[in-house]
$ cat query-v2.txt   # compact mmCIF, C-alpha atoms
# COMPACT_ATOMS: atom_id res chain seq x y z
CA MET A 55 74.33 -10.08 -59.21
CA ARG A 56 72.06 -7.64 -57.35
CA GLU A 57 74.08 -8.14 -54.18
CA GLN A 58 77.25 -7.25 -56.07
CA GLN A 59 75.58 -4.09 -57.42
CA ASN A 60 74.52 -3.11 -53.90
CA LYS A 61 78.07 -3.52 -52.64
CA THR A 62 79.36 -1.38 -55.52
CA ILE A 63 76.82 1.36 -54.73
CA THR A 64 77.73 1.24 -51.05
CA ARG A 65 81.44 1.53 -51.78
CA THR A 66 80.78 4.42 -54.16
CA GLY A 67 78.69 6.22 -51.54
CA HIS A 68 81.40 5.84 -48.93
CA ARG A 69 84.02 7.09 -51.39
CA GLU A 70 81.96 10.15 -52.33
CA GLU A 71 81.32 10.98 -48.65
CA GLN A 72 85.02 10.63 -47.87
CA MET A 73 85.93 12.94 -50.78
CA ALA A 74 83.33 15.45 -49.65
CA THR A 75 84.76 15.39 -46.14
CA GLN A 76 88.28 15.98 -47.39
CA GLN A 77 87.11 18.93 -49.49
CA GLY A 78 85.11 20.44 -46.65
CA ASN A 79 81.78 19.95 -48.49
CA GLN A 80 80.31 17.59 -45.97
CA PRO A 81 76.98 15.87 -46.49
CA ALA A 82 73.83 17.39 -45.13
CA VAL A 83 72.70 16.63 -41.60
CA THR A 84 70.93 13.32 -41.53
CA ALA A 85 67.79 12.68 -39.54
CA PRO A 86 68.41 12.70 -35.76
CA LYS A 87 68.77 9.27 -34.21
CA HIS A 88 66.07 7.88 -31.94
CA ARG A 89 67.83 7.41 -28.61
CA THR A 90 66.93 5.80 -25.34
CA PHE A 91 67.57 7.52 -22.02
CA LEU A 92 70.89 5.66 -21.72
CA GLY A 93 71.72 6.82 -25.24
CA TYR A 94 71.37 10.43 -24.17
CA LEU A 95 73.50 9.77 -21.10
CA ALA A 96 76.21 8.36 -23.36
CA LEU A 97 76.44 11.71 -25.16
CA MET A 98 77.31 13.55 -21.95
CA GLY A 99 80.98 14.35 -21.48
CA PRO A 100 82.88 17.00 -23.51
CA ALA A 101 80.93 20.02 -22.22
CA PHE A 102 81.11 18.70 -18.64
CA VAL A 103 84.90 18.50 -18.98
CA VAL A 104 84.82 22.14 -20.10
CA GLY A 105 82.54 23.05 -17.18
CA ALA A 106 84.83 21.32 -14.70
CA TRP A 107 87.82 23.22 -16.08
CA GLN A 108 85.88 26.49 -15.91
CA PHE A 109 84.65 25.91 -12.33
CA GLY A 110 87.93 26.12 -10.43
CA PRO A 111 89.56 28.08 -7.58
CA GLY A 112 89.57 31.38 -9.50
CA ASN A 113 85.87 31.02 -10.24
CA LEU A 114 85.08 30.26 -6.60
CA THR A 115 87.20 33.12 -5.27
CA THR A 116 85.50 35.74 -7.45
CA ALA A 117 82.05 34.30 -6.63
CA VAL A 118 82.76 34.46 -2.88
CA GLN A 119 83.95 38.05 -3.19
CA ALA A 120 80.90 38.99 -5.29
CA GLY A 121 78.45 37.67 -2.70
CA SER A 122 80.36 38.97 0.29
CA ARG A 123 80.98 42.50 -1.02
CA PHE A 124 77.94 43.14 -3.20
CA ASP A 125 75.28 40.83 -1.81
CA TYR A 126 73.05 39.31 -4.53
CA THR A 127 73.43 42.17 -7.04
CA LEU A 128 75.91 40.43 -9.39
CA VAL A 129 73.96 37.20 -9.98
CA TRP A 130 72.99 38.56 -13.41
CA VAL A 131 76.65 38.48 -14.53
CA ILE A 132 76.66 34.69 -14.14
CA ALA A 133 73.47 34.36 -16.20
CA VAL A 134 74.81 36.49 -19.06
CA SER A 135 78.26 34.88 -19.13
CA THR A 136 76.70 31.39 -19.05
CA ILE A 137 74.56 32.17 -22.11
CA LEU A 138 77.60 33.47 -24.01
CA MET A 139 79.59 30.40 -22.95
CA ILE A 140 76.88 28.12 -24.35
CA PHE A 141 77.08 29.79 -27.78
CA PHE A 142 80.87 29.60 -28.00
CA THR A 143 80.90 26.00 -26.78
CA ASP A 144 78.26 25.17 -29.40
CA MET A 145 80.48 26.65 -32.12
CA SER A 146 83.35 24.49 -30.89
CA VAL A 147 81.08 21.41 -30.92
CA ARG A 148 80.11 22.07 -34.54
CA LEU A 149 83.77 22.57 -35.46
CA GLY A 150 84.60 19.24 -33.83
CA ILE A 151 81.93 17.54 -35.95
CA ALA A 152 82.60 19.29 -39.27
CA THR A 153 86.38 19.61 -39.45
CA PRO A 154 88.25 16.59 -40.83
CA THR A 155 91.14 17.22 -38.42
CA SER A 156 91.55 18.71 -34.94
CA LEU A 157 90.70 22.39 -34.43
CA ILE A 158 94.27 23.72 -34.14
CA THR A 159 95.39 21.63 -37.12
CA SER A 160 92.44 23.01 -39.12
CA ILE A 161 93.42 26.54 -38.09
CA LYS A 162 96.98 25.90 -39.30
CA ASP A 163 95.62 24.59 -42.61
CA HIS A 164 93.21 27.47 -43.23
CA LEU A 165 94.70 30.50 -41.45
CA GLY A 166 98.41 29.78 -41.32
CA LYS A 167 100.70 27.55 -39.29
CA TRP A 168 101.93 30.34 -37.00
CA VAL A 169 98.34 31.19 -35.97
CA GLY A 170 97.68 27.63 -34.80
CA VAL A 171 101.02 27.40 -33.02
CA LEU A 172 100.39 30.71 -31.25
CA ALA A 173 96.95 29.54 -30.09
CA GLY A 174 98.23 26.21 -28.75
CA VAL A 175 101.33 27.60 -27.04
CA GLY A 176 99.27 30.45 -25.56
CA VAL A 177 96.75 28.04 -24.04
CA PHE A 178 99.62 25.98 -22.65
CA GLY A 179 101.04 29.08 -20.96
CA ILE A 180 97.69 29.88 -19.37
CA THR A 181 97.19 26.31 -18.11
CA LEU A 182 100.73 26.27 -16.76
CA MET A 183 100.04 29.30 -14.59
CA PHE A 184 96.54 28.21 -13.58
CA SER A 185 97.96 24.87 -12.41
CA VAL A 186 99.35 26.71 -9.37
CA GLY A 187 95.92 27.95 -8.28
CA ASN A 188 94.47 24.47 -8.82
CA ALA A 189 97.23 22.87 -6.76
CA VAL A 190 96.81 25.34 -3.90
CA GLY A 191 93.00 25.10 -4.00
CA SER A 192 92.88 21.31 -3.97
CA GLY A 193 95.19 21.11 -0.95
CA LEU A 194 93.26 23.81 0.89
CA GLY A 195 89.90 22.14 0.33
CA LEU A 196 91.04 18.73 1.59
CA SER A 197 92.80 20.26 4.60
CA LEU A 198 89.48 21.87 5.58
CA ILE A 199 87.87 18.41 5.53
CA PHE A 200 90.57 16.15 6.96
CA GLY A 201 92.91 18.61 8.68
CA GLY A 202 96.66 18.61 8.25
CA SER A 203 98.90 20.68 6.02
CA PRO A 204 97.37 22.03 2.78
CA VAL A 205 100.75 21.54 1.10
CA LEU A 206 100.72 17.84 1.98
CA TRP A 207 97.23 17.48 0.50
CA THR A 208 98.40 19.31 -2.62
CA VAL A 209 101.04 16.60 -3.07
CA VAL A 210 98.42 13.88 -2.57
CA CYS A 211 96.03 15.50 -5.08
CA THR A 212 98.74 15.95 -7.70
CA ILE A 213 99.78 12.31 -7.39
CA ALA A 214 96.12 11.21 -7.62
CA VAL A 215 95.61 13.27 -10.80
CA GLY A 216 98.82 11.86 -12.24
CA ILE A 217 97.53 8.32 -11.65
CA VAL A 218 94.21 9.16 -13.35
CA LEU A 219 96.03 10.58 -16.37
CA ALA A 220 98.33 7.55 -16.61
CA PHE A 221 95.52 5.28 -17.81
CA ARG A 222 95.58 4.19 -21.42
CA ASN A 223 92.22 5.69 -22.39
CA VAL A 224 93.05 9.04 -20.80
CA TYR A 225 90.19 11.12 -22.15
CA GLY A 226 87.52 8.52 -21.39
CA ILE A 227 88.73 8.14 -17.78
CA VAL A 228 88.90 11.93 -17.33
CA GLU A 229 85.36 12.36 -18.64
CA LYS A 230 83.87 9.76 -16.32
CA ALA A 231 85.77 11.10 -13.30
CA LEU A 232 84.73 14.69 -13.98
CA LEU A 233 81.08 13.77 -14.56
CA ALA A 234 81.00 12.11 -11.13
CA ILE A 235 82.77 15.06 -9.47
CA VAL A 236 80.42 17.61 -11.06
CA VAL A 237 77.41 15.69 -9.72
CA LEU A 238 78.93 15.56 -6.21
CA MET A 239 79.83 19.26 -6.34
CA GLY A 240 76.30 20.12 -7.41
CA LEU A 241 74.83 18.20 -4.47
CA ALA A 242 77.32 19.81 -2.06
CA PHE A 243 76.55 23.37 -3.14
CA ILE A 244 72.79 22.75 -3.23
CA ALA A 245 73.00 21.44 0.36
CA SER A 246 75.12 24.45 1.36
CA THR A 247 72.54 26.81 -0.15
CA VAL A 248 69.70 25.11 1.74
CA VAL A 249 71.64 25.52 4.99
CA ALA A 250 72.57 29.15 4.28
CA GLN A 251 68.90 30.06 3.51
CA PRO A 252 69.38 32.90 0.98
CA ASP A 253 66.75 35.59 0.42
CA TRP A 254 65.20 34.32 -2.82
CA TYR A 255 63.36 37.58 -3.51
CA ARG A 256 66.66 39.44 -3.46
CA VAL A 257 68.19 36.71 -5.65
CA LEU A 258 65.54 37.52 -8.29
CA GLU A 259 66.35 41.21 -7.92
CA GLY A 260 69.99 40.34 -8.52
CA ALA A 261 69.05 38.81 -11.87
CA VAL A 262 68.30 42.34 -13.12
CA PRO A 263 71.52 43.93 -14.48
CA THR A 264 72.92 46.63 -12.20
CA LEU A 265 76.47 47.87 -11.64
CA PRO A 266 77.13 48.79 -8.00
CA ALA A 267 79.84 51.37 -7.37
CA GLY A 268 83.28 49.76 -7.15
CA SER A 269 82.17 46.46 -8.70
CA GLU A 270 83.65 46.97 -12.18
CA ILE A 271 86.83 44.93 -11.64
CA LEU A 272 84.90 42.11 -9.99
CA VAL A 273 82.44 42.02 -12.90
CA VAL A 274 85.40 41.65 -15.27
CA ALA A 275 86.75 38.83 -13.12
CA LEU A 276 83.35 37.07 -13.03
CA VAL A 277 83.04 37.29 -16.82
CA GLY A 278 86.61 36.08 -17.27
CA THR A 279 86.17 33.03 -15.04
CA ASN A 280 82.67 32.04 -16.19
CA PHE A 281 82.99 32.89 -19.89
CA SER A 282 86.15 30.87 -20.46
CA ILE A 283 87.13 30.86 -24.13
CA ASN A 284 90.06 28.55 -23.38
CA ALA A 285 87.65 25.91 -22.11
CA ALA A 286 85.15 26.41 -24.95
CA PHE A 287 88.00 26.00 -27.45
CA TYR A 288 88.83 22.57 -26.03
CA THR A 289 85.30 21.17 -26.52
CA SER A 290 86.01 20.29 -30.15
CA TYR A 291 88.75 17.89 -28.99
CA GLY A 292 86.27 15.94 -26.86
CA ILE A 293 83.92 15.75 -29.83
CA LYS A 294 86.76 14.37 -31.96
CA GLU A 295 87.67 11.82 -29.28
CA HIS A 296 84.11 10.46 -29.48
CA ARG A 297 83.91 10.74 -33.29
CA ARG A 298 80.55 12.45 -33.12
CA THR A 299 78.67 12.90 -36.40
CA ARG A 300 76.32 15.50 -37.81
CA ALA A 301 73.37 13.28 -36.93
CA ASP A 302 74.40 13.58 -33.26
CA TYR A 303 74.48 17.38 -33.19
CA ARG A 304 70.96 18.14 -31.93
CA ASP A 305 71.12 15.50 -29.21
CA ILE A 306 74.60 16.65 -28.15
CA THR A 307 73.21 20.16 -27.68
CA LEU A 308 70.37 18.91 -25.46
CA ALA A 309 72.25 16.24 -23.50
CA ASP A 310 75.74 17.72 -23.18
CA THR A 311 76.35 21.31 -24.32
CA ILE A 312 73.53 23.05 -22.47
CA PRO A 313 73.57 21.06 -19.19
CA GLY A 314 77.39 20.86 -19.17
CA ILE A 315 77.74 24.65 -19.29
CA VAL A 316 74.66 25.54 -17.23
CA ALA A 317 75.78 23.30 -14.32
CA PRO A 318 78.90 25.32 -13.39
CA GLY A 319 76.93 28.53 -13.93
CA ILE A 320 74.33 27.42 -11.41
CA MET A 321 77.00 26.34 -8.93
CA THR A 322 78.75 29.70 -9.24
CA ALA A 323 75.47 31.50 -8.62
CA LEU A 324 74.88 29.28 -5.57
CA VAL A 325 78.29 30.24 -4.14
CA ILE A 326 77.37 33.92 -4.54
CA MET A 327 74.07 33.25 -2.74
CA VAL A 328 75.79 31.37 0.09
CA ALA A 329 78.35 34.16 0.60
CA ALA A 330 75.59 36.81 0.53
CA ALA A 331 73.40 34.80 2.92
CA VAL A 332 76.27 34.29 5.36
CA LEU A 333 76.94 38.04 5.32
CA GLY A 334 73.25 38.77 5.86
CA ARG A 335 72.81 36.31 8.74
CA THR A 336 76.10 36.77 10.61
CA GLY A 337 77.32 40.18 9.47
CA ALA A 338 80.74 38.66 8.74
CA GLU A 339 82.26 39.50 5.37
CA ALA A 340 83.83 36.40 3.85
CA GLY A 341 86.09 37.78 1.15
CA THR A 342 88.07 34.56 0.65
CA VAL A 343 87.25 30.86 0.38
CA ASN A 344 89.02 30.25 3.71
CA ALA A 345 87.06 33.01 5.44
CA LEU A 346 83.76 31.72 4.04
CA ALA A 347 84.51 28.21 5.27
CA SER A 348 85.35 29.49 8.76
CA VAL A 349 82.17 31.59 8.93
CA PHE A 350 80.14 28.67 7.63
CA THR A 351 81.13 26.47 10.58
CA PRO A 352 79.14 28.28 13.32
CA LEU A 353 76.31 28.87 10.85
CA ALA A 354 75.86 25.29 9.65
CA GLY A 355 77.78 23.17 12.14
CA PRO A 356 80.70 20.83 11.37
CA VAL A 357 78.72 18.65 8.93
CA GLY A 358 77.49 21.63 6.90
CA SER A 359 80.95 23.13 6.84
CA MET A 360 82.42 19.81 5.67
CA VAL A 361 79.86 19.56 2.85
CA PHE A 362 80.79 23.05 1.67
CA ALA A 363 84.53 22.26 1.88
CA LEU A 364 83.91 19.07 -0.10
CA GLY A 365 82.44 21.16 -2.90
CA LEU A 366 85.44 23.48 -2.85
CA SER A 367 87.99 20.64 -2.99
CA GLY A 368 86.00 18.96 -5.77
CA ALA A 369 86.10 22.17 -7.83
CA ALA A 370 89.89 22.46 -7.47
CA PHE A 371 90.50 18.75 -8.12
CA SER A 372 88.30 18.61 -11.23
CA SER A 373 89.79 21.81 -12.61
CA MET A 374 93.29 20.40 -12.01
CA ILE A 375 92.48 17.32 -14.10
CA ALA A 376 90.80 19.21 -16.96
CA ASN A 377 93.37 22.03 -17.01
CA ALA A 378 96.34 19.68 -17.32
CA THR A 379 94.66 17.44 -19.91
CA ALA A 380 93.52 20.33 -22.11
CA GLY A 381 96.79 22.23 -21.96
CA GLY A 382 98.89 19.17 -22.76
CA THR A 383 96.64 18.09 -25.64
CA MET A 384 96.43 21.47 -27.37
CA VAL A 385 100.13 22.35 -27.22
CA SER A 386 100.95 18.86 -28.54
CA ASP A 387 98.54 19.49 -31.41
CA ALA A 388 100.01 22.93 -32.07
CA LEU A 389 103.50 21.43 -32.38
CA GLY A 390 102.23 18.67 -34.68
CA ARG A 391 102.90 15.87 -32.19
CA GLY A 392 99.40 14.45 -31.76
CA ALA A 393 95.92 15.85 -31.07
CA LYS A 394 94.74 13.22 -28.58
CA ALA A 395 95.04 13.29 -24.80
CA GLY A 396 96.72 9.87 -24.84
CA SER A 397 99.48 10.74 -27.32
CA PRO A 398 103.02 10.53 -25.85
CA MET A 399 103.80 14.23 -26.28
CA ALA A 400 100.44 15.29 -24.82
CA ARG A 401 101.19 13.15 -21.74
CA ILE A 402 104.60 14.78 -21.36
CA PHE A 403 103.16 18.30 -21.49
CA THR A 404 100.34 17.30 -19.14
CA GLY A 405 102.92 16.04 -16.66
CA MET A 406 104.84 19.31 -16.99
CA ILE A 407 101.69 21.29 -16.10
CA LEU A 408 101.06 19.18 -12.99
CA ALA A 409 104.71 19.30 -11.94
CA PHE A 410 104.88 23.07 -12.37
CA GLY A 411 101.89 23.63 -10.08
CA LEU A 412 103.32 21.31 -7.43
CA ILE A 413 106.86 22.74 -7.54
CA ILE A 414 105.70 26.35 -7.22
CA THR A 415 103.35 25.43 -4.36
CA LEU A 416 106.11 23.59 -2.50
CA THR A 417 108.63 26.37 -3.12
CA PHE A 418 106.55 29.34 -1.98
CA GLN A 419 103.94 27.62 0.24
CA SER A 420 101.72 30.68 -0.06
CA SER A 421 99.34 32.20 -2.56
CA PRO A 422 101.48 32.95 -5.64
CA VAL A 423 99.90 36.31 -6.47
CA ALA A 424 102.55 37.20 -9.04
CA LEU A 425 101.84 34.06 -11.05
CA ILE A 426 98.11 34.74 -10.98
CA VAL A 427 98.77 38.22 -12.40
CA ILE A 428 100.94 36.68 -15.14
CA ALA A 429 98.17 34.19 -15.94
CA GLN A 430 95.67 37.02 -16.23
CA SER A 431 98.06 38.89 -18.51
CA LEU A 432 98.35 35.83 -20.78
CA THR A 433 94.57 35.53 -20.83
CA VAL A 434 94.37 39.15 -22.01
CA LEU A 435 96.54 38.26 -24.99
CA ILE A 436 95.17 34.81 -25.80
CA ALA A 437 91.42 34.82 -25.00
CA PRO A 438 90.46 37.41 -27.67
CA LEU A 439 92.58 35.50 -30.22
CA LEU A 440 90.86 32.20 -29.39
CA GLY A 441 87.43 33.86 -29.57
CA VAL A 442 88.16 35.35 -32.99
CA LEU A 443 89.53 32.01 -34.24
CA ILE A 444 86.43 30.08 -33.15
CA VAL A 445 84.07 32.58 -34.81
CA THR A 446 86.18 32.80 -37.98
CA MET A 447 86.40 29.04 -38.42
CA ALA A 448 82.70 28.52 -37.61
CA ASN A 449 81.80 30.90 -40.47
CA LYS A 450 83.79 29.10 -43.18
CA THR A 451 81.18 27.61 -45.52
CA SER A 452 83.74 25.45 -47.35
CA LEU A 453 84.71 23.86 -44.04
CA MET A 454 81.43 23.81 -42.08
CA GLY A 455 78.81 23.27 -44.80
CA ASP A 456 75.32 23.34 -43.28
CA LEU A 457 76.80 23.60 -39.76
CA ARG A 458 78.11 27.09 -40.53
CA ASN A 459 77.08 29.85 -38.11
CA LYS A 460 73.60 31.26 -38.61
CA TRP A 461 72.83 34.95 -38.04
CA TRP A 462 71.81 34.41 -34.42
CA HIS A 463 75.03 32.52 -33.73
CA ASN A 464 76.99 35.49 -35.07
CA LEU A 465 74.87 37.94 -33.07
CA PHE A 466 75.85 36.28 -29.79
CA ALA A 467 79.38 35.76 -31.13
CA VAL A 468 79.77 39.53 -31.59
CA ILE A 469 78.37 40.19 -28.10
CA GLY A 470 80.80 37.63 -26.69
CA LEU A 471 83.79 39.08 -28.52
CA VAL A 472 82.89 42.58 -27.32
CA ALA A 473 82.70 41.24 -23.74
CA ILE A 474 86.08 39.49 -24.08
CA ILE A 475 87.83 42.50 -25.60
CA ALA A 476 86.26 44.91 -23.08
CA SER A 477 87.36 42.64 -20.22
CA SER A 478 90.87 42.47 -21.67
CA ILE A 479 91.12 46.25 -22.04
CA ARG A 480 89.85 46.77 -18.50
CA LEU A 481 92.34 44.23 -17.15
CA ILE A 482 95.22 45.86 -19.06
CA THR A 483 94.38 49.29 -17.66
CA THR A 484 94.17 47.77 -14.16
CA LEU A 485 97.56 46.08 -14.48
CA ILE A 486 99.13 49.27 -15.85
CA GLY A 487 97.52 51.31 -13.08
$ encode --input "query-v2.txt" --output "structure tokens"
Amino acid sequence: MREQQNKTITRTGHREEQMATQQGNQPAVTAPKHRTFLGYLALMGPAFVVGAWQFGPGNLTTAVQAGSRFDYTLVWVIAVSTILMIFFTDMSVRLGIATPTSLITSIKDHLGKWVGVLAGVGVFGITLMFSVGNAVGSGLGLSLIFGGSPVLWTVVCTIAVGIVLAFRNVYGIVEKALLAIVVLMGLAFIASTVVAQPDWYRVLEGAVPTLPAGSEILVVALVGTNFSINAAFYTSYGIKEHRRTRADYRDITLADTIPGIVAPGIMTALVIMVAAAVLGRTGAEAGTVNALASVFTPLAGPVGSMVFALGLSGAAFSSMIANATAGGTMVSDALGRGAKAGSPMARIFTGMILAFGLIITLTFQSSPVALIVIAQSLTVLIAPLLGVLIVTMANKTSLMGDLRNKWWHNLFAVIGLVAIIASSIRLITTLIG
């Protein structure tokens, strides 16, 4: 009899929790779980996917230019943009936990269908254009290591990414692959920094905000590539893939969100230091990734140069995987055809992103500057929208419950939105000029 009563109580509790979830009034955060070291490692993933997407060819190019043209003085930009990225990624994590459906579907339910469709299609447009830079960058990095035509290596990389994304458990495979690549990239750039021997005192000076004459556009570019709202937006999808709960939130923050976003920030800062150190030791200005690699050869020898090139190719390859996966998933969700990376429509759109990057690379066989400008223009239109949507949804009490933004979340949210809008305005004036 007592056993039957217990079962009835259990069923009632589950039913009440399910009703609360459907109504948006989710139960309070339960006590954090006691995890082993392996348990914390198991939480790592979604933010590292975001970091891998963020740390791509565009990020590397701006970092190389920052170190080569302005020495160590712009290191502070990476620190500030990394902090803002952590807060927006954290909001996306909480949305992934609290919302009963995917983020874009929730936006369509609460703010209007056209808003969600616009967000998803806009992100798809950005990823479509960025796929060209990823394709070119991956081929260039591998050609620096193994020789041969960069275009040929672009074909090889695209096929390899296509094979990775063909697995049944797409998101799980992508996560594991990107975690491994991020670790290898970190080791490569740490080794490159040791070889380059930067002036650490001047690095600390560079942590103090200053704005050298003529650096305004580059600061905008650094903020745009390191504070990537598109990538932060996608974090909620990784959280949904893993079915994380409110009890996981604190541990996710410590094991995934913070290290996953800090890692690419540190690597970007290291690239700035390497470029500045090369300029200081050889007097050669390395304004492009190619130029930096060529200058690095006499400085560090063939092995050191290969290690640096390995980091560059890893950045392009990982960004190619994450960019295609995220773009395909979110546009599929926006069109109501599935919010998981493994859904048929998401796979089709992912394949379109990869194919577009490859076709443009094969057709022009040069840096597609026009497409990069178009991608930046799309970012101007879409990034502020995505930022506003994340902040708006994270402040809905009926949806978020106790995971709603606190005052300090909103303080950094406002700072982040101001940075995004200011960057967009500056980019618009530059394009018009």
$ closest_residue --input "query-v2.txt" --among "A:Gly105, A:Pro263, A:Pro252, A:Gly226" --to "A:Lys394" --atoms "only C-alpha atoms"
A:Gly226
$ residues_around --input "query-v2.txt" --residues "stretch 306-315 of chain A" --least-positions-apart "2" --cutoff "6 Å" --atoms "all atoms listed in the file" --output "list in words"
Tyr94, Met98, Ala101, Phe102, Gly105, Asp302, Tyr303, Arg304 and Ala317 of chain A
$ atom_distance --input "query-v2.txt" --atom1 "atom CA of A:Ala395" --atom2 "atom CA of A:Gln108"
18.4 Å
$ residues_around --input "query-v2.txt" --residues "A:Thr289" --least-positions-apart "5" --cutoff "10 Å" --atoms "all atoms listed in the file" --output "PyMOL selection string"
chain A and resi 99-105+142-150+157+284+294+311+380
$ write_last_selection --input "query-v2.txt" --atoms "C-alpha atoms" --output "mmCIF file, keeping the file's coordinate frame"
data_model
loop_
_atom_site.group_PDB
_atom_site.id
_atom_site.type_symbol
_atom_site.label_atom_id
_atom_site.label_comp_id
_atom_site.auth_asym_id
_atom_site.auth_seq_id
_atom_site.Cartn_x
_atom_site.Cartn_y
_atom_site.Cartn_z
ATOM 1 C CA GLY A 99 80.980 14.350 -21.480
ATOM 2 C CA PRO A 100 82.880 17.000 -23.510
ATOM 3 C CA ALA A 101 80.930 20.020 -22.220
ATOM 4 C CA PHE A 102 81.110 18.700 -18.640
ATOM 5 C CA VAL A 103 84.900 18.500 -18.980
ATOM 6 C CA VAL A 104 84.820 22.140 -20.100
ATOM 7 C CA GLY A 105 82.540 23.050 -17.180
ATOM 8 C CA PHE A 142 80.870 29.600 -28.000
ATOM 9 C CA THR A 143 80.900 26.000 -26.780
ATOM 10 C CA ASP A 144 78.260 25.170 -29.400
ATOM 11 C CA MET A 145 80.480 26.650 -32.120
ATOM 12 C CA SER A 146 83.350 24.490 -30.890
ATOM 13 C CA VAL A 147 81.080 21.410 -30.920
ATOM 14 C CA ARG A 148 80.110 22.070 -34.540
ATOM 15 C CA LEU A 149 83.770 22.570 -35.460
ATOM 16 C CA GLY A 150 84.600 19.240 -33.830
ATOM 17 C CA LEU A 157 90.700 22.390 -34.430
ATOM 18 C CA ASN A 284 90.060 28.550 -23.380
ATOM 19 C CA LYS A 294 86.760 14.370 -31.960
ATOM 20 C CA THR A 311 76.350 21.310 -24.320
ATOM 21 C CA ALA A 380 93.520 20.330 -22.110
#
$ closest_residue --input "query-v2.txt" --among "A:Ala234, A:Gly121, A:Leu457, A:Leu416" --to "A:Gly260" --atoms "all atoms listed in the file"
A:Gly121
$ closest_residue --input "query-v2.txt" --among "A:Thr383, A:Asn188, A:Thr247, A:Asn464" --to "A:Tyr288" --atoms "only C-alpha atoms"
A:Thr383
$ build_atoms --input "query-v2.txt" --residues "stretch 317-328 of chain A" --atoms "N, CA and C atoms" --output "PDB file, in the coordinates of the input"
ATOM      1  N   ALA A 317      75.468  23.834 -15.650  1.00  0.00           N
ATOM      2  CA  ALA A 317      75.780  23.300 -14.320  1.00  0.00           C
ATOM      3  C   ALA A 317      76.794  24.153 -13.560  1.00  0.00           C
ATOM      4  N   PRO A 318      77.975  24.464 -14.129  1.00  0.00           N
ATOM      5  CA  PRO A 318      78.900  25.320 -13.390  1.00  0.00           C
ATOM      6  C   PRO A 318      78.374  26.732 -13.184  1.00  0.00           C
ATOM      7  N   GLY A 319      77.537  27.217 -14.122  1.00  0.00           N
ATOM      8  CA  GLY A 319      76.930  28.530 -13.930  1.00  0.00           C
ATOM      9  C   GLY A 319      76.021  28.555 -12.721  1.00  0.00           C
ATOM     10  N   ILE A 320      75.216  27.509 -12.574  1.00  0.00           N
ATOM     11  CA  ILE A 320      74.330  27.420 -11.410  1.00  0.00           C
ATOM     12  C   ILE A 320      75.136  27.314 -10.127  1.00  0.00           C
ATOM     13  N   MET A 321      76.191  26.493 -10.137  1.00  0.00           N
ATOM     14  CA  MET A 321      77.000  26.340  -8.930  1.00  0.00           C
ATOM     15  C   MET A 321      77.692  27.643  -8.533  1.00  0.00           C
ATOM     16  N   THR A 322      78.141  28.409  -9.539  1.00  0.00           N
ATOM     17  CA  THR A 322      78.750  29.700  -9.240  1.00  0.00           C
ATOM     18  C   THR A 322      77.735  30.650  -8.618  1.00  0.00           C
ATOM     19  N   ALA A 323      76.526  30.661  -9.176  1.00  0.00           N
ATOM     20  CA  ALA A 323      75.470  31.500  -8.620  1.00  0.00           C
ATOM     21  C   ALA A 323      75.137  31.076  -7.185  1.00  0.00           C
ATOM     22  N   LEU A 324      75.149  29.769  -6.923  1.00  0.00           N
ATOM     23  CA  LEU A 324      74.880  29.280  -5.570  1.00  0.00           C
ATOM     24  C   LEU A 324      75.947  29.739  -4.585  1.00  0.00           C
ATOM     25  N   VAL A 325      77.208  29.766  -5.022  1.00  0.00           N
ATOM     26  CA  VAL A 325      78.290  30.240  -4.140  1.00  0.00           C
ATOM     27  C   VAL A 325      78.077  31.713  -3.801  1.00  0.00           C
ATOM     28  N   ILE A 326      77.672  32.509  -4.800  1.00  0.00           N
ATOM     29  CA  ILE A 326      77.370  33.920  -4.540  1.00  0.00           C
ATOM     30  C   ILE A 326      76.252  34.035  -3.509  1.00  0.00           C
ATOM     31  N   MET A 327      75.209  33.217  -3.674  1.00  0.00           N
ATOM     32  CA  MET A 327      74.070  33.250  -2.740  1.00  0.00           C
ATOM     33  C   MET A 327      74.497  32.849  -1.334  1.00  0.00           C
ATOM     34  N   VAL A 328      75.330  31.822  -1.227  1.00  0.00           N
ATOM     35  CA  VAL A 328      75.790  31.370   0.090  1.00  0.00           C
ATOM     36  C   VAL A 328      76.601  32.471   0.777  1.00  0.00           C
TER      37      VAL A 328
END
